Each structure stands twice: as structure tokens, then as C-alpha cells.
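Participant: Have a look at the structure that comes next, please.
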Amino acid sequence: MPTLFCLGLLRLWFHLHFYELSNHSPVIRGLNYYRQSLHLMVQNGFGVWVRGDMQFFWVANTAWGVGSILWAELVRDSFHVLAHRWPLLYRQHVWHHRVFRRDLTVANAKIYAQAQWRNDLPECLVMLLFTLFVWWACSQLMPVCQWAALAGTLYTLIFLVSCIARGSGSNWARQATDATHLPGPFTAPPARWLVNRSYHWRHHFDNDHAYYCSTLTLVDKLMGTALALKGKTVAVTGASGALGRSLLLHLHQAGAKVVALSSKSEPVTLTVNGETLCVKTINWRVGEEAKLAELLENVDILVLNHGINVRGTRTPTAIAQSYEVNTFSTWRLLELFFTTIRTNENMARKEVWVNTSEAEVSPAFSPLYELSKRSLGDLVTLRRLDAPCVVRKLVLGPFKSSLNPIGVMSSDWVARQIVALAKRDFRNIIVTINPLTYLLFPVKEFCVSVYFRFFSHSDLPQSAAKYKVPEPERLHG
């Protein structure tokens, strides 16, 4: 071992000495890294230095490899965004939008082939150029990792070869490599992080100025284009309350067609740019959820926002009211809305937003409010394991309203944050001044979701259209 150690030192000295006399080629320059490690080797021992060096080697190579692939996807999605905003590129990209019918069947095989050459091929070439730049940069900055940095280039070459095969008329290539455009029933609603068929369908047939991503949804989340509200019909329960009115206002400003669901007889009005806007108002009462079935057929997004706060009361009547309004009425509407989801378009476009409150994880100083909202939160967690559409939770801190006169946040600010985060496809929308909620709620939601997934099962089909919504029990006394 001492002999090998001495030979290693001699070889290292030779390389370092040769470096001083040589030019600055990338290969020789890479040996300079070992000069910087020499003092660490002498001070801490040869074994410690080797272990530290190998750990750095694998971490650095992994970072360059994964980073180059993420870079390729970033370039790809940015090119897609640019293709929708630069007329020169859009004239080529529009071929891609001419190809498919609403059921994702190909309208014309020749147009499909032309779309590969006019849209997909230029996209792949741009990706190839930028990933080769990353490889060149790595060869200059950290030559020891330059082969790992080629991962993005190899990743791009896969898309390039498959694009050429599809453009040449290979049906096998289309089936194997064009997964987001395959026809047939959708098996899941739009995914959170990976683009699936229902997610990409929305780019073609919901709003082509949103949902730009091809594989990862990161760019859409950053740009706020992961959910388009323009033109969607959005119904809000509890619409006459402070948050309900604010949500209606900000949803209207985002281009949605808003519908107010209120237990009060007066129509809901909004003030928009100094003018009064009358909102379509539907009157309903808790226990009469089934009467909204026809309306919900034409609703794209249902916001379940109604509730009651009996504060410190703990009578049997208060218990029954709290659970009936906060938990079971919301649950029945959730299930009723699920029955309207029968087609691919329904699964791709429809959503439910449920106001479960910060009371899921934090005290609200109203025991029955906390208990009923926590029960609702757990029911929503259970049902969205196999829900036929996107289900979002609104986890809101104390805002000023009739239910909470001493709330800290304004309902207008809370509503603005809800809409902004929904556009970025947050499935758990947390808006609060309590920093602990941002830490505790994700942990709680993950643990409860895993527990429900392992210890429960569903015999229902993905489409909720075949099961019956439970009838409410009437309150007595």
C-alpha cells in the first residue's frame, strides 16, 4: 500500500508539472482540479480524500446530467410559447393544431406528417442546439462532467429520431412516442407534474394560449398558464358572503362566466370599474343540493365555499347544523358534481375547489367549526384519490367576514391569491399569515392520503356518473 501511494503521488506530480508546461486544452485543464485537492489529501489522509472526491464526482455528474435534461424541456416549452406569439413561427406551428379532432383522432394523415416536419423537427433542432451549448459550457467549466452533460443531447436525439419516423409515416412511432395525442377514453384528470393526455387536450381545445408544456408542467406553473379561466363557467356557493363576492369579482376579471349560488333571496351584485354588475344568482338551501343537478351539468368549475360558524356553542342542534352545513352539504354537492363528468372533455375541463379552511391543522377557537371542517377535509382527501376531475383544497387562514369579524386578512386579498395560485395549478391552495400551516398541512395531507390509499379501496369506475348521490337527512327540532 505505501508503494502504491507513492506511485500515485509521483503520477499526480507528473500531471501537475506537465500542466505548467502545456497549453490550456480542456483535458489538461481538468487536471488542475487535482492540484486543488492535494492539500486536502496530505492533511486528511489519502482515504478521506478519495471518498470526498468520489462523492463530488457522482454528485456533480448527476447534477449536470439531470440539469441538461431539464434544460432541454425548458427550451422545448419556451420554443412552444414563442411559436404562439411570433407569427413567423406560428405559421409553422399551426399545422400541429390542424391535425386532431376533439377526440384526438387524426383528421388527415398527410397533415399529421407535415406537422412533424414543420413544427416538431424545428423544435427538436433548437433543443439540440441549446443542449450542445450546455455540453460545451460544461467542457470548459468542469471537463470531468462533460460526458454527463451530454444526457440532454441524447434525450433530444430520441425526440428527433421519433419525429423523423412519425413524419415518414410510421404508425408504430406515433403509437409509441406521441402519447399525449393518442385517442381513446382518458384514464385520469390533468396531472400535476407530468403532462398527460387530458392536460394536453386542453391546449388544443380549451385554450391554446395556455397549457404549453410537453412533458413537465413546470413552465406553465411559473407562467401562470396551467389553468385558463377565460370562458369557463364558474359557480360559487356562499356567494353572498365576503369571500364569495371577492371570488366572483376576481374570477370575472380573469374572464370566467360567474354564477352565484346563495341562500339569500337578493341577487348578488359586484362593482367592476365603478359600475354595478348583476351576477346570475341561483337561490338554494342546504338539503336541496339535488335541485342544482341541471345547473351543474353546464358548470366547469364549482367552488364550494358555504359554511357556518356556531363559535363556542356545543348544543345538539349546533352540532347537527355544523356538520350538516360544513361537511355533509359540501360532500353531497361534491358527489353530485362528479356525476356530471361523463366525457373526456368533462374530465379535462371540470374542477372542484373546496374551502376546507386552515382549521384542518390549526385551532380556530371554535371547536365545532374545527371538527366539521376537519371531517370535510378528510372526506375530500379520501375522494380525490380516485376523483374523475381535478379537486383543489382552499386552506385559508383568518380573513374578515361575517363568520369571523376579527379576521386579519381581507377577503379581496385572499380571493386574489386563490385565483393566482389556481392558475399555477396548486392543488392545495394555502393562504394564511400563519407560517406553520405551510409546513404542517403538506405533511398532514401526505400522511392522511397515504393512509387512505393503503387502507381503503374503491369499486367505482373512474367516471362518477353511475352512482347515486346520498339523500340528506332532515334536521328536526
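Scheme for the C-alpha cells: letters A, B, ... for chains in order shown; per-chain residue numbers from 1; ligand numbers from 1 in order shown.
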Determine, counting only C-alpha atoms, which protein, DNA and RNA residues have an atom within 7 Å of an atom of range 248-254 of chain A; residues of the same chain fewer than 3 positions away are not included. Present the result as a PyMOL selection string.
Facilitator: chain A and resi 229-230+244-245+257-258+270+415-416
Participant: Write the residues of the selection above to a file with N, CA and C atoms, as a CSV table (one decimal), in the first residue's frame.
Facilitator:
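Saved as again17.csv:
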```csv
chain,number,residue,atom,x,y,z
A,229,LEU,N,-58.9,30.3,-17.1
A,229,LEU,CA,-60.3,30.6,-16.6
A,229,LEU,C,-61.1,31.3,-17.6
A,230,LYS,N,-60.5,31.8,-18.7
A,230,LYS,CA,-61.3,32.6,-19.7
A,230,LYS,C,-62.3,31.7,-20.3
A,244,GLY,N,-67.1,35.0,-0.9
A,244,GLY,CA,-67.8,34.6,-2.1
A,244,GLY,C,-67.9,35.7,-3.1
A,245,ARG,N,-68.2,36.9,-2.7
A,245,ARG,CA,-68.2,38.1,-3.6
A,245,ARG,C,-66.9,38.4,-4.1
A,257,LYS,N,-67.1,33.1,-16.6
A,257,LYS,CA,-68.6,33.4,-16.6
A,257,LYS,C,-69.1,33.0,-15.2
A,258,VAL,N,-69.3,33.9,-14.3
A,258,VAL,CA,-69.6,33.5,-12.9
A,258,VAL,C,-71.1,33.4,-12.6
A,270,LEU,N,-71.8,43.0,-8.1
A,270,LEU,CA,-70.4,43.3,-8.0
A,270,LEU,C,-70.2,44.7,-8.5
A,415,ALA,N,-59.0,36.2,-2.0
A,415,ALA,CA,-59.5,35.8,-3.3
A,415,ALA,C,-58.5,35.9,-4.4
A,416,ARG,N,-57.8,37.0,-4.4
A,416,ARG,CA,-56.8,37.3,-5.5
A,416,ARG,C,-55.7,36.2,-5.4
```
Participant: Name the residues in contact with range 397-407 of chain A at a cut-off of 8 Å, using only C-alpha atoms, excluding same-chain residues fewer than 4 positions from it; report them as a ChimeraX atom specification.
Facilitator: /A:241-243,308-309,357-358,411,414,431-434
Participant: Nearest residue to Ile319 in chain A out of A:Gly167, A:Pro367, A:Gly152, A:Gly184, using only C-alpha atoms?
Facilitator: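 Closest to Ile319 in chain A of all the choices is A:Pro367.
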Participant: Name the residues of range 150-301 of chain A that come out as strand (DSSP E or B) in a backbone DSSP run; write them as a list in words.
Facilitator: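 Reading the DSSP output for range 150-301 of chain A, strand (DSSP E or B) covers Leu194, Leu216, Thr233, Val234, Ala235, Val236, Thr237, Lys257, Val258, Val259, Ala260, Leu261, Ser262, Thr269, Leu270, Thr271, Val272, Glu275, Thr276, Leu277, Cys278, Lys280, Thr281, Ile282, Asn283 and Ile301 of chain A.
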Participant: Do you know which residues are at most 10 Å from Ala63 in chain A counting only C-alpha atoms, after dropping those on the same chain fewer than 6 positions away, and could you put them as number ranges by chain?
Facilitator: A: 57, 145, 148-149
Participant: Name all residues at most 9 Å from range 190-204 of chain A (count only C-alpha atoms; drop same-chain ones fewer than 5 positions away) and give them as a PDB file with C-alpha atoms, in the first residue's frame.
Facilitator:
```
ATOM      1  CA  HIS A  97     -53.250  22.370 -34.324  1.00  0.00           C
ATOM      2  CA  PHE A 100     -56.519  16.494 -34.402  1.00  0.00           C
ATOM      3  CA  ARG A 102     -61.683  16.810 -30.353  1.00  0.00           C
ATOM      4  CA  ASP A 103     -61.420  13.068 -29.660  1.00  0.00           C
ATOM      5  CA  LEU A 104     -57.708  13.235 -30.629  1.00  0.00           C
ATOM      6  CA  ALA A 179     -48.533   9.508 -26.113  1.00  0.00           C
ATOM      7  CA  THR A 180     -50.282  12.826 -25.358  1.00  0.00           C
ATOM      8  CA  HIS A 181     -52.136  12.722 -28.695  1.00  0.00           C
ATOM      9  CA  LEU A 182     -53.489   9.166 -28.623  1.00  0.00           C
ATOM     10  CA  PRO A 183     -57.296   8.796 -28.954  1.00  0.00           C
ATOM     11  CA  HIS A 209     -52.751  30.332 -25.061  1.00  0.00           C
ATOM     12  CA  ALA A 210     -52.233  28.137 -22.001  1.00  0.00           C
ATOM     13  CA  TYR A 211     -51.069  24.590 -21.162  1.00  0.00           C
ATOM     14  CA  TYR A 212     -47.874  24.980 -23.237  1.00  0.00           C
ATOM     15  CA  CYS A 213     -45.824  22.238 -21.576  1.00  0.00           C
ATOM     16  CA  SER A 214     -44.992  18.993 -23.358  1.00  0.00           C
ATOM     17  CA  THR A 215     -43.585  16.652 -20.689  1.00  0.00           C
ATOM     18  CA  LEU A 216     -43.172  18.535 -17.391  1.00  0.00           C
ATOM     19  CA  THR A 217     -45.653  21.200 -16.277  1.00  0.00           C
ATOM     20  CA  LEU A 218     -43.031  23.450 -14.683  1.00  0.00           C
ATOM     21  CA  ALA A 226     -51.501  25.843 -16.005  1.00  0.00           C
ATOM     22  CA  ALA A 228     -57.124  29.021 -18.125  1.00  0.00           C
ATOM     23  CA  ASN A 344     -63.146  13.227 -21.987  1.00  0.00           C
ATOM     24  CA  GLU A 345     -63.984  16.913 -22.269  1.00  0.00           C
ATOM     25  CA  MET A 347     -62.703  15.213 -17.249  1.00  0.00           C
ATOM     26  CA  ALA A 348     -60.267  17.683 -18.800  1.00  0.00           C
ATOM     27  CA  ARG A 349     -62.220  20.888 -18.135  1.00  0.00           C
ATOM     28  CA  CYS A 389     -61.700  15.563 -12.153  1.00  0.00           C
ATOM     29  CA  VAL A 390     -59.248  17.931 -10.502  1.00  0.00           C
ATOM     30  CA  ASP A 425     -52.133  24.554 -10.680  1.00  0.00           C
ATOM     31  CA  PHE A 426     -51.684  24.419  -6.918  1.00  0.00           C
ATOM     32  CA  ARG A 427     -53.892  21.557  -5.759  1.00  0.00           C
TER      33      ARG A 427
END
```
Participant: Would you pick out the contacts of Leu227 in chain A at 7 Å or less, using only C-alpha atoms, so that residues sharing its chain but fewer than 5 positions from it are not included, and give the list as a VMD selection string?
Facilitator: chain A and resid 422 to 425
Participant: May I have the residues within 12 Å of Leu89 in chain A as a ChimeraX atom specification, using only C-alpha atoms and disregarding those fewer than 3 positions away in the same chain?
Facilitator: /A:79-86,92-96,118-120,122-123
Participant: How far is it from CA of Pro143 in chain A to CA of Trp58 in chain A, in Å with one decimal?
Facilitator: 13.6 Å
Participant: Point out the residue among A:Arg311, A:Arg91, A:Arg98, A:Lys444 with the least atom-to-atom distance to Gly377 in chain A, counting only C-alpha atoms.
Facilitator: A:Lys444
Participant: Looking at only C-alpha atoms, which of A:Leu125, A:Leu160, A:Val144, A:Ala260 is the one that sits closest to Thr62 in chain A?
Facilitator: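 Among the listed residues, A:Val144 lies closest to Thr62 in chain A.
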Participant: What gap, in Å, lies between CA of Leu295 in chain A and CA of Thr356 in chain A?
Facilitator: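 Interatomic distance, CA of Leu295 in chain A to CA of Thr356 in chain A: 23.3 Å.
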Participant: I'd like to know which of A:Val236, A:Ala137, A:Ala165, A:Val75 is closest to Val299 in chain A, using only C-alpha atoms.
Facilitator: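 Distance minimum relative to Val299 in chain A lands on A:Val236.
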Participant: If you count only C-alpha atoms, which residues fall within 9 Å of Ile301 in chain A, apart from same-chain ones fewer than 3 positions away, as a list in words?
Facilitator: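 With the cut-off at 9 Å, the set is Lys232, Thr233, Val234, Ala235, Val236, Arg349, Lys350, Glu351, Val352 and Trp353 of chain A.
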Participant: Would you mind exporting the chosen residues as a PDB file, in the first residue's frame, restricted to N, CA and C atoms?
Facilitator:
```pdb
ATOM      1  N   LYS A 232     -64.704  29.981 -18.998  1.00  0.00           N
ATOM      2  CA  LYS A 232     -65.243  28.894 -18.190  1.00  0.00           C
ATOM      3  C   LYS A 232     -66.407  29.398 -17.318  1.00  0.00           C
ATOM      4  N   THR A 233     -67.381  28.523 -17.113  1.00  0.00           N
ATOM      5  CA  THR A 233     -68.494  28.829 -16.220  1.00  0.00           C
ATOM      6  C   THR A 233     -68.129  28.374 -14.820  1.00  0.00           C
ATOM      7  N   VAL A 234     -68.102  29.325 -13.878  1.00  0.00           N
ATOM      8  CA  VAL A 234     -67.683  29.037 -12.507  1.00  0.00           C
ATOM      9  C   VAL A 234     -68.826  29.385 -11.564  1.00  0.00           C
ATOM     10  N   ALA A 235     -69.281  28.409 -10.794  1.00  0.00           N
ATOM     11  CA  ALA A 235     -70.339  28.614  -9.812  1.00  0.00           C
ATOM     12  C   ALA A 235     -69.734  28.622  -8.414  1.00  0.00           C
ATOM     13  N   VAL A 236     -70.159  29.580  -7.579  1.00  0.00           N
ATOM     14  CA  VAL A 236     -69.591  29.748  -6.242  1.00  0.00           C
ATOM     15  C   VAL A 236     -70.714  29.683  -5.216  1.00  0.00           C
ATOM     16  N   ARG A 349     -61.860  19.501 -18.420  1.00  0.00           N
ATOM     17  CA  ARG A 349     -62.220  20.888 -18.135  1.00  0.00           C
ATOM     18  C   ARG A 349     -62.759  21.112 -16.725  1.00  0.00           C
ATOM     19  N   LYS A 350     -63.444  20.151 -16.162  1.00  0.00           N
ATOM     20  CA  LYS A 350     -64.162  20.385 -14.904  1.00  0.00           C
ATOM     21  C   LYS A 350     -63.245  20.276 -13.690  1.00  0.00           C
ATOM     22  N   GLU A 351     -63.570  21.094 -12.681  1.00  0.00           N
ATOM     23  CA  GLU A 351     -62.822  21.098 -11.429  1.00  0.00           C
ATOM     24  C   GLU A 351     -63.767  21.404 -10.272  1.00  0.00           C
ATOM     25  N   VAL A 352     -63.326  21.023  -9.054  1.00  0.00           N
ATOM     26  CA  VAL A 352     -63.999  21.417  -7.817  1.00  0.00           C
ATOM     27  C   VAL A 352     -62.965  22.062  -6.898  1.00  0.00           C
ATOM     28  N   TRP A 353     -63.321  23.222  -6.351  1.00  0.00           N
ATOM     29  CA  TRP A 353     -62.496  23.867  -5.334  1.00  0.00           C
ATOM     30  C   TRP A 353     -63.283  23.817  -4.024  1.00  0.00           C
TER      31      TRP A 353
END
```
Participant: To one decimal place in Å, what is the distance between CA of Thr276 in chain A and CA of Asp412 in chain A?
Facilitator: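 So the two atoms, CA of Thr276 in chain A and CA of Asp412 in chain A, lie 17.0 Å apart.
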